[in-house]
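Note sheet for the following structure.
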Amino acid sequence: MKTRVKKAFLDINEEEKWLNEQGAQGMMLLSYSNGTYEFEDVSPAAFQYKVDIPQYSEKERRRDYLDFLEQTGASVVAEYADRVYLRKKASGEPFALYTDRQDVERQAKKRSSHLYAIGFSQIMLGIMFLMQAFLRHEGPVSFWIPAVFGFLFVMSGIVFLALGFRAGREATKGQVPSREERDIWEA
């Protein structure tokens, strides 16, 4: 039985976690487009999912990379907005694409870069409103409206930046060795 789910995620890590929950319940992802996931119930089989943001933008190199992933046992389910949705049968081992510390950190930065962009743009917009409030006010109303909006935009930007930092930290947690472990292995 096929099921369509319309769902939006701000954090790719949360999206991947939700997909893996669906896979553990025997739901096989068939396609993804514009926030609509199409699943097929194939219980008792279980699947693992990974959302990847490849570093290759050229079509030929990207296709070579995706062909390599398919040779390792992962299936490319969908490609959407520079993201690649991958699936493989659950084997009890984690579905890890990157094992090198730099690759894990690079992937974490890519996953949270949209949160940084939103946060910085919100803060800049808030600063512009605050500047307008303090530099160009002709009465109490013309001061308070841009001041309130400026404050709200700055606070919103700070929230998005915090979400970006948290998402980056959580994406690398457990995958990047601690400083002591790196010193031991890199000595």
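By order in the structure tokens, chains are A, B, ...; within a chain, residues start at 1; ligands start at 1, following the order shown.
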
**Request:** Using only C-alpha atoms, determine which residues lie at most 10 Å from Leu152 in chain A, disregarding the query and same-chain residues fewer than 3 positions distant; provide the list as a list of chain:residue names.
**Result:** A:Gln122, A:Ile123, A:Leu125, A:Gly126, A:Phe129, A:Pro146, A:Ala147, A:Val148, A:Phe149, A:Met155, A:Ser156, A:Gly157, A:Ile158

If you keep N, CA, C and O atoms, can you produce a file of those selected residues as a PDB file, in the first residue's frame?
ATOM      1  N   GLN A 122      18.196  37.840   8.862  1.00  0.00           N
ATOM      2  CA  GLN A 122      17.237  38.372   9.837  1.00  0.00           C
ATOM      3  C   GLN A 122      17.893  39.454  10.698  1.00  0.00           C
ATOM      4  O   GLN A 122      17.292  40.486  10.972  1.00  0.00           O
ATOM      5  N   ILE A 123      19.123  39.191  11.125  1.00  0.00           N
ATOM      6  CA  ILE A 123      19.822  40.171  11.965  1.00  0.00           C
ATOM      7  C   ILE A 123      20.079  41.451  11.176  1.00  0.00           C
ATOM      8  O   ILE A 123      19.874  42.562  11.693  1.00  0.00           O
ATOM      9  N   LEU A 125      18.373  42.636   8.622  1.00  0.00           N
ATOM     10  CA  LEU A 125      17.094  43.314   8.449  1.00  0.00           C
ATOM     11  C   LEU A 125      16.679  44.005   9.750  1.00  0.00           C
ATOM     12  O   LEU A 125      16.198  45.145   9.738  1.00  0.00           O
ATOM     13  N   GLY A 126      16.884  43.337  10.873  1.00  0.00           N
ATOM     14  CA  GLY A 126      16.567  43.934  12.163  1.00  0.00           C
ATOM     15  C   GLY A 126      17.389  45.169  12.447  1.00  0.00           C
ATOM     16  O   GLY A 126      16.882  46.191  12.940  1.00  0.00           O
ATOM     17  N   PHE A 129      16.009  48.049  10.459  1.00  0.00           N
ATOM     18  CA  PHE A 129      14.803  48.610  11.085  1.00  0.00           C
ATOM     19  C   PHE A 129      15.174  49.458  12.300  1.00  0.00           C
ATOM     20  O   PHE A 129      14.611  50.542  12.513  1.00  0.00           O
ATOM     21  N   PRO A 146       9.114  50.561  13.716  1.00  0.00           N
ATOM     22  CA  PRO A 146      10.361  49.955  13.245  1.00  0.00           C
ATOM     23  C   PRO A 146      11.234  49.437  14.384  1.00  0.00           C
ATOM     24  O   PRO A 146      11.965  48.459  14.210  1.00  0.00           O
ATOM     25  N   ALA A 147      11.164  50.064  15.563  1.00  0.00           N
ATOM     26  CA  ALA A 147      11.965  49.579  16.691  1.00  0.00           C
ATOM     27  C   ALA A 147      11.508  48.185  17.118  1.00  0.00           C
ATOM     28  O   ALA A 147      12.340  47.300  17.359  1.00  0.00           O
ATOM     29  N   VAL A 148      10.201  47.966  17.200  1.00  0.00           N
ATOM     30  CA  VAL A 148       9.676  46.653  17.590  1.00  0.00           C
ATOM     31  C   VAL A 148      10.012  45.608  16.530  1.00  0.00           C
ATOM     32  O   VAL A 148      10.498  44.509  16.846  1.00  0.00           O
ATOM     33  N   PHE A 149       9.775  45.947  15.255  1.00  0.00           N
ATOM     34  CA  PHE A 149      10.099  44.997  14.196  1.00  0.00           C
ATOM     35  C   PHE A 149      11.600  44.706  14.141  1.00  0.00           C
ATOM     36  O   PHE A 149      12.018  43.571  13.925  1.00  0.00           O
ATOM     37  N   MET A 155      16.100  39.227  17.209  1.00  0.00           N
ATOM     38  CA  MET A 155      15.897  38.054  18.067  1.00  0.00           C
ATOM     39  C   MET A 155      15.667  36.798  17.223  1.00  0.00           C
ATOM     40  O   MET A 155      16.187  35.724  17.529  1.00  0.00           O
ATOM     41  N   SER A 156      14.899  36.924  16.158  1.00  0.00           N
ATOM     42  CA  SER A 156      14.659  35.796  15.264  1.00  0.00           C
ATOM     43  C   SER A 156      15.969  35.327  14.634  1.00  0.00           C
ATOM     44  O   SER A 156      16.232  34.122  14.525  1.00  0.00           O
ATOM     45  N   GLY A 157      16.807  36.256  14.230  1.00  0.00           N
ATOM     46  CA  GLY A 157      18.108  35.903  13.654  1.00  0.00           C
ATOM     47  C   GLY A 157      18.986  35.170  14.637  1.00  0.00           C
ATOM     48  O   GLY A 157      19.662  34.202  14.280  1.00  0.00           O
ATOM     49  N   ILE A 158      18.966  35.608  15.877  1.00  0.00           N
ATOM     50  CA  ILE A 158      19.756  34.936  16.908  1.00  0.00           C
ATOM     51  C   ILE A 158      19.256  33.508  17.110  1.00  0.00           C
ATOM     52  O   ILE A 158      20.048  32.571  17.255  1.00  0.00           O
TER      53      ILE A 158
END

**Item:** Surrounding residues of Tyr56 in chain A excluding itself and chain neighbours under 5 positions, 12 Å, only C-alpha atoms, as a list in words
**Value:**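 In the requested form, the answer reads Arg61, Arg62, Arg63, Asp64, Tyr65, Leu66, Asp82, Arg83 and Val84 of chain A.
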
**Atom pair CA of Gln48 in chain A / CA of Ala24 in chain A: separation (Å)** =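 Computing it gives 7.4 Å between the two atoms.
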